[in-house]
file work.txt (compact mmCIF, C-alpha atoms)
# COMPACT_ATOMS: atom_id res chain seq x y z
CA MET F 15 92.22 90.67 76.53
CA ASP F 16 93.81 93.88 75.20
CA GLU F 17 97.60 94.16 75.20
CA PRO F 18 99.00 96.79 77.58
CA ARG F 19 99.66 99.95 75.57
CA ASP F 20 103.23 101.08 74.99
CA PRO F 21 103.44 104.61 76.50
CA GLN F 22 106.06 105.62 73.92
CA LEU F 23 103.73 104.73 71.05
CA LEU F 24 100.95 106.76 72.63
CA LYS F 25 103.24 109.69 73.36
CA GLY F 26 104.04 110.03 69.68
CA VAL F 27 100.44 110.23 68.53
CA LEU F 28 98.85 112.01 71.49
CA PRO F 29 99.29 115.56 70.11
CA MET F 30 97.59 114.42 66.89
CA LEU F 31 94.72 112.84 68.81
CA VAL F 32 94.29 115.95 70.95
CA LEU F 33 94.19 118.15 67.84
CA ALA F 34 91.71 115.76 66.20
CA LEU F 35 89.34 115.76 69.17
CA LEU F 36 89.57 119.52 69.56
CA SER F 37 88.80 119.91 65.85
CA GLU F 38 85.52 118.10 66.47
CA ARG F 39 84.58 120.28 69.42
CA GLU F 40 86.36 122.71 71.71
CA SER F 41 86.95 121.28 75.18
CA TYR F 42 88.50 122.10 78.51
CA GLY F 43 91.32 119.98 79.89
CA TYR F 44 89.43 117.46 81.97
CA GLU F 45 86.67 117.13 79.39
CA LEU F 46 89.30 116.32 76.79
CA VAL F 47 90.72 113.60 79.05
CA THR F 48 87.22 112.14 79.40
CA ARG F 49 86.77 112.21 75.62
CA LEU F 50 90.07 110.41 75.16
CA HIS F 51 88.85 107.77 77.64
CA ASP F 52 85.60 107.45 75.73
CA SER F 53 87.57 107.02 72.51
CA GLY F 54 89.28 103.94 73.93
CA LEU F 55 92.32 105.44 75.60
CA ASP F 56 90.91 104.61 79.00
CA ASP F 57 94.31 104.36 80.67
CA ILE F 58 95.44 107.86 79.79
CA ALA F 59 95.86 110.23 82.76
CA ALA F 60 95.10 113.92 82.97
CA GLY F 61 98.74 114.38 83.91
CA THR F 62 99.74 113.09 80.48
CA VAL F 63 97.35 115.32 78.56
CA TYR F 64 97.96 118.68 80.27
CA PRO F 65 101.64 118.98 79.26
CA VAL F 66 100.64 118.22 75.66
CA LEU F 67 97.99 120.95 75.76
CA ASN F 68 100.58 123.35 77.16
CA ARG F 69 103.04 122.49 74.40
CA LEU F 70 100.44 122.79 71.64
CA GLU F 71 99.35 126.18 72.96
CA ARG F 72 102.94 127.38 73.25
CA ASP F 73 103.58 126.31 69.67
CA GLY F 74 100.49 128.21 68.50
CA LEU F 75 98.69 125.06 67.37
CA ILE F 76 95.76 125.58 69.73
CA SER F 77 94.28 128.66 71.34
CA SER F 78 92.38 128.95 74.58
CA ARG F 79 89.67 131.07 76.13
CA LEU F 80 88.20 131.20 79.61
CA VAL F 81 84.51 130.29 79.85
CA ALA F 82 82.51 130.89 83.02
CA SER F 83 81.05 127.78 84.58
CA THR F 84 77.93 127.31 86.69
CA ALA F 85 79.80 124.73 88.76
CA GLY F 86 83.17 125.91 89.99
CA PRO F 87 85.62 128.40 88.51
CA ALA F 88 85.96 129.44 84.87
CA ARG F 89 87.30 126.75 82.56
CA LYS F 90 89.94 127.08 79.90
CA TYR F 91 88.57 125.84 76.58
CA TYR F 92 90.93 124.88 73.77
CA LEU F 93 90.44 125.00 70.02
CA PRO F 94 92.92 124.34 67.16
CA THR F 95 94.26 127.39 65.35
CA THR F 96 94.55 127.45 61.56
CA THR F 97 98.16 126.36 61.92
CA GLY F 98 97.02 123.58 64.25
CA THR F 99 94.46 122.37 61.75
CA ASP F 100 97.06 122.34 58.97
CA GLN F 101 99.40 120.47 61.28
CA LEU F 102 96.68 117.94 62.04
CA TRP F 103 96.08 117.21 58.35
CA ALA F 104 99.80 116.86 57.68
CA THR F 105 100.33 114.58 60.68
CA ALA F 106 97.28 112.51 59.87
CA ARG F 107 98.58 111.95 56.31
CA SER F 108 101.96 110.87 57.67
CA TRP F 109 100.30 108.60 60.19
CA ARG F 110 98.17 106.89 57.53
CA GLN F 111 101.21 106.32 55.30
CA LEU F 112 103.19 104.94 58.24
CA SER F 113 100.27 102.80 59.32
CA VAL F 114 100.00 101.22 55.84
CA THR F 115 103.74 100.51 55.81
CA VAL F 116 103.70 99.00 59.27
CA GLU F 117 100.70 96.87 58.38
CA HIS F 118 102.44 95.53 55.26
CA VAL F 119 105.52 94.60 57.26
CA LEU F 120 103.51 92.96 60.01
CA GLU F 121 101.51 90.92 57.47
CA ARG F 122 104.77 89.26 56.36
CA THR F 123 105.75 88.21 59.88
CA PRO F 124 104.83 84.71 61.12
CA LYS F 125 101.47 84.61 62.84
CA GLU F 126 101.22 84.09 66.60
CA ASN F 127 100.12 80.57 67.63
CA MET C 170 86.93 122.59 101.97
CA LEU C 171 89.97 123.46 104.05
CA ARG C 172 91.27 119.93 103.61
CA ASP C 173 90.87 120.23 99.83
CA THR C 174 92.80 123.50 99.83
CA PHE C 175 95.55 121.89 101.88
CA ARG C 176 95.68 118.87 99.54
CA ARG C 177 95.80 121.11 96.49
CA GLU C 178 98.52 123.39 97.85
CA ALA C 179 100.62 120.46 99.09
CA TYR C 180 100.44 118.96 95.61
CA LEU C 181 101.26 122.28 93.93
CA LEU C 182 104.20 122.85 96.27
CA ARG C 183 105.76 119.53 95.28
CA PHE C 184 104.93 120.17 91.64
CA SER C 185 106.41 123.68 91.59
CA TRP C 186 109.66 122.47 93.10
CA ALA C 187 109.94 119.72 90.49
CA VAL C 188 108.98 121.97 87.57
CA GLN C 189 111.17 124.97 88.44
CA ASP C 190 113.22 124.53 85.26
CA PHE C 191 110.16 125.37 83.21
CA PRO C 192 110.10 128.98 81.94
CA GLN C 193 107.35 130.94 83.72
CA TYR C 194 106.57 127.99 85.97
CA VAL C 195 104.70 130.27 88.37
CA ARG C 196 102.15 130.91 85.63
CA LEU C 197 102.02 127.18 84.96
CA LYS C 198 101.35 126.53 88.64
CA ARG C 199 98.56 129.13 88.65
CA GLU C 200 96.94 127.51 85.63
CA LEU C 201 97.20 124.09 87.21
CA ARG C 202 95.55 125.42 90.39
CA ASN C 203 92.64 126.73 88.28
CA GLU C 204 92.45 123.43 86.43
CA LEU C 205 92.41 121.49 89.71
CA ASP C 206 89.64 123.70 91.10
CA ALA C 207 87.60 123.31 87.92
CA THR C 208 88.07 119.54 87.85
CA ALA C 209 87.39 119.24 91.58
CA ALA C 210 83.98 120.85 90.99
CA GLU C 211 83.16 117.79 88.86
CA VAL C 212 84.89 114.88 90.55
CA GLY C 213 86.19 116.17 93.89
CA MET C 214 89.66 117.35 94.80
CA ARG C 215 90.95 113.92 95.81
CA GLN C 216 90.10 112.46 92.39
CA ALA C 217 91.31 115.58 90.54
CA ILE C 218 94.72 115.25 92.19
CA ALA C 219 94.84 111.48 91.70
CA ASP C 220 94.17 111.95 87.97
CA LEU C 221 97.20 114.21 87.66
CA GLY C 222 99.49 111.49 89.00
CA HIS C 223 102.66 112.04 90.97
CA PRO C 224 103.74 115.71 90.92
CA ARG C 225 107.28 114.74 89.91
CA VAL C 226 106.00 112.71 86.95
CA LEU C 227 103.68 115.53 85.93
CA ALA C 228 106.59 118.00 86.11
CA ASP C 229 108.70 115.63 84.01
CA GLY C 230 105.89 115.58 81.48
CA TYR C 231 106.01 119.37 81.14
CA LEU C 232 109.80 119.45 81.06
CA ALA C 233 109.88 116.75 78.38
CA GLU C 234 107.85 119.07 76.17
CA LEU C 235 110.62 121.69 76.27
CA ASP C 236 113.08 121.81 73.40
CA ARG C 237 116.05 121.77 75.78
CA SER C 238 116.84 121.45 79.47
CA MET C 239 116.92 124.70 81.44
CA PRO C 240 118.99 125.85 84.45
CA ARG C 241 117.46 125.36 87.91
CA TRP C 242 117.95 128.86 89.36
CA ASN C 243 115.88 128.15 92.49
CA THR C 244 118.00 125.14 93.37
CA GLY C 245 121.10 127.28 92.83
CA GLY C 246 119.65 129.84 95.24
CA TRP C 247 119.11 127.13 97.87
CA TRP C 248 122.66 125.87 97.44
CA ALA C 249 124.02 129.41 97.88
CA ALA C 250 121.77 129.98 100.94
CA LEU C 251 122.94 126.72 102.52
CA THR C 252 126.56 127.67 101.87
CA LEU C 253 125.96 131.09 103.43
CA GLY C 254 124.35 129.41 106.45
CA ALA C 255 127.32 127.06 106.79
CA LEU C 256 129.76 130.00 106.60
CA VAL C 257 127.83 131.98 109.21
CA ALA C 258 127.78 128.93 111.52
CA LEU C 259 131.49 128.41 110.95
CA GLY C 260 132.24 132.10 111.64
CA MET C 261 130.15 132.05 114.81
CA ALA C 262 131.84 128.87 116.03
CA PHE C 263 135.22 130.49 115.36
CA GLY C 264 134.19 133.67 117.18
CA VAL C 265 132.77 131.84 120.21
CA GLY C 266 135.88 129.67 120.33
CA ALA C 267 138.19 132.69 120.21
CA LEU C 268 136.26 134.55 122.94
CA THR C 269 136.12 131.46 125.15
CA THR C 270 139.86 131.03 124.80
CA LEU C 271 140.36 134.70 125.69
CA GLU C 272 138.20 134.27 128.78
CA GLN C 273 140.19 131.21 129.88
CA LEU C 274 143.40 133.18 129.42
CA GLY C 275 142.07 135.85 131.77
CA GLY C 276 140.74 138.28 129.16
CA GLY C 277 142.35 140.75 126.81
CA THR C 278 142.33 141.53 123.11
CA THR C 279 143.48 139.44 120.21
CA THR C 280 143.34 139.70 116.44
CA ALA C 281 142.80 136.74 114.15
CA THR C 282 142.34 136.34 110.41
CA PHE C 283 139.72 133.85 109.34
CA LEU C 284 138.55 133.27 105.77
CA GLY C 285 140.24 136.52 104.74
CA ALA C 286 138.50 138.67 107.39
CA THR C 287 140.60 140.21 110.14
CA THR C 288 138.67 140.12 113.39
CA THR C 289 139.51 141.69 116.72
CA PHE C 290 138.16 139.86 119.79
CA THR C 291 137.97 141.61 123.15
CA TRP C 292 137.11 140.09 126.53
CA THR C 293 137.39 142.43 129.50
CA ASP C 294 135.45 142.90 132.70
CA ASP C 295 133.51 145.71 131.01
CA ALA C 296 132.92 144.40 127.54
CA ILE C 297 132.86 141.38 125.28
CA SER C 298 133.10 142.24 121.61
CA ALA C 299 134.14 141.04 118.19
CA GLY C 300 134.75 143.42 115.28
CA ALA C 301 135.75 142.43 111.78
CA THR C 302 137.41 144.45 109.05
CA LEU C 303 136.16 143.61 105.62
CA THR C 304 139.08 143.06 103.29
CA TRP C 305 138.96 142.61 99.54
CA GLN C 306 140.24 139.06 100.04
CA PHE C 307 137.22 138.30 102.20
CA ALA C 308 134.90 139.93 99.67
CA VAL C 309 136.38 137.81 96.87
CA PHE C 310 136.13 134.68 99.02
CA LEU C 311 132.51 135.39 99.88
CA VAL C 312 131.51 136.08 96.29
CA LEU C 313 133.20 132.88 95.08
CA ALA C 314 131.88 130.84 98.01
CA LEU C 315 128.33 131.84 97.09
CA LEU C 316 128.63 132.07 93.32
CA VAL C 317 130.14 128.62 92.77
CA PRO C 318 127.42 126.65 94.62
CA TYR C 319 124.79 128.90 93.04
CA LEU C 320 125.99 128.18 89.51
CA VAL C 321 126.66 124.49 90.11
CA GLY C 322 123.33 124.03 91.91
CA ALA C 323 121.59 125.82 89.06
CA ARG C 324 123.35 123.60 86.49
CA PHE C 325 124.27 126.76 84.63
CA TRP C 326 125.86 124.83 81.76
CA ARG C 327 122.35 124.03 80.59
CA LEU C 328 122.27 127.57 79.20
CA TRP C 329 124.38 126.25 76.34
CA SER C 330 122.65 122.91 75.94
CA THR C 331 121.52 122.08 72.43
CA SER C 332 117.89 121.52 71.73
CA ARG C 333 116.55 117.99 72.10
CA SER C 334 115.24 118.02 68.56
CA LEU C 335 118.75 118.81 67.28
CA GLN C 336 120.18 116.02 69.45
CA ARG C 337 117.69 113.58 67.96
CA ALA C 338 118.42 114.70 64.39
call {"tool": "encode", "arguments": {"input": "work.txt", "output": "structure tokens"}}
result
Amino acid sequence: MDEPRDPQLLKGVLPMLVLALLSERESYGYELVTRLHDSGLDDIAAGTVYPVLNRLERDGLISSRLVASTAGPARKYYLPTTTGTDQLWATARSWRQLSVTVEHVLERTPKEN
Amino acid sequence: MLRDTFRREAYLLRFSWAVQDFPQYVRLKRELRNELDATAAEVGMRQAIADLGHPRVLADGYLAELDRSMPRWNTGGWWAALTLGALVALGMAFGVGALTTLEQLGGGTTTATFLGATTTFTWTDDAISAGATLTWQFAVFLVLALLVPYLVGARFWRLWSTSRSLQRA
């Protein structure tokens, strides 16, 4: 059985994951939540993702445009800006370095019985 | 349809109260309404609202993304309004009390100073009246009585709060 996820751990990497998914394909808010679920973050709520989208847009890391929908009102689609893409690469590099370090440290700890 | 609108607006009302510190929170509320409508077209309004979680928690999520805490001007306004209401009630109670006393004394005219305002009460067979003269003391009292709760309720000191990123550094 999977361990319950630490919300603080997720909070730190969520902006990076949002940027990564939006780099693959532009999405609207709820679609992005669904894609995060499909990626394995099935416990993440829309209410956690929307503030991150708002922050990323305010910081100029993503841009948005309204797209008319056949079902319901127009949807706001998000896409990383050039700055956002640069930020993603930089964060991803940092994450990989940190991940390697963490893995090395954890390998030295006694194994669980 | 009407029930969905009611659900949505009830949620947004609670959200907007909790998120009032956020700059341009009215715009944020409008965007969230659009997002709810768009999501409801896919999964229904009940599910769309449930996915957002508790409005207070959602508001905290937005506020946590700010660099620093902001004053709550709306709350300050409510505090000032409540204080004004209390003062009006107090003034009316004082006025009714003074007129009732005059009546029991057989009528007449009396002048009393209350909270810096000099008021003349008259109770005769022809007329019942109360007229106040606005003094600068009363004006100062009123301004302070409203300004202090407004500023305290708004947590005005947050204007000088340092950014969270600086605090963490």
call {"tool": "interface_residues", "arguments": {"input": "work.txt", "of": "chain C", "to": "chain F", "cutoff": "12 Å", "atoms": "all atoms listed in the file", "output": "MDAnalysis selection string"}}
result
chainID C and resid 184 188 191:194 196:198 200:214 216:236
call {"tool": "closest_residue", "arguments": {"input": "work.txt", "among": "C:Asn243, C:Thr282, C:Gln273, C:Ser330", "to": "Ala301 in chain C", "atoms": "all atoms listed in the file"}}
result
C:Thr282
call {"tool": "residues_near_point", "arguments": {"input": "work.txt", "point": "(137.0, 131.7, 123.1)", "cutoff": "12 Å", "atoms": "only C-alpha atoms", "output": "list in words"}}
result
Met261, Ala262, Phe263, Gly264, Val265, Gly266, Ala267, Leu268, Thr269, Thr270, Leu271, Glu272, Gln273, Leu274, Gly275, Gly276, Gly277, Thr278, Thr279, Ala281, Phe290, Thr291, Trp292, Ile297, Ser298 and Ala299 of chain C
call {"tool": "atom_distance", "arguments": {"input": "work.txt", "atom1": "CA of Leu251 in chain C", "atom2": "CA of Tyr319 in chain C"}}
result
9.9 Å
call {"tool": "residues_near_point", "arguments": {"input": "work.txt", "point": "(96.0, 120.8, 71.0)", "cutoff": "7 Å", "atoms": "all atoms listed in the file", "output": "VMD selection string"}}
result
chain F and resid 29 32 to 33 36 67 70 to 71 75 to 76 94
call {"tool": "atom_distance", "arguments": {"input": "work.txt", "atom1": "CA of Val317 in chain C", "atom2": "CA of Thr288 in chain C"}}
result
25.1 Å
call {"tool": "atom_distance", "arguments": {"input": "work.txt", "atom1": "CA of Gln101 in chain F", "atom2": "CA of Leu31 in chain F"}}
result
11.7 Å
call {"tool": "residues_around", "arguments": {"input": "work.txt", "residues": "range 172-176 of chain C", "least_positions_apart": "2", "cutoff": "8 Å", "atoms": "only C-alpha atoms", "output": "PyMOL selection string"}}
result
chain C and resi 170+178-180+214-215
call {"tool": "axis_aligned_box", "arguments": {"input": "work.txt", "around": "range 33-47 of chain F", "padding_each_side": "6 Å", "output": "lines of an AutoDock Vina configuration file"}}
result
center_x = 89.4
center_y = 118.2
center_z = 73.9
size_x = 21.6
size_y = 21.1
size_z = 28.1
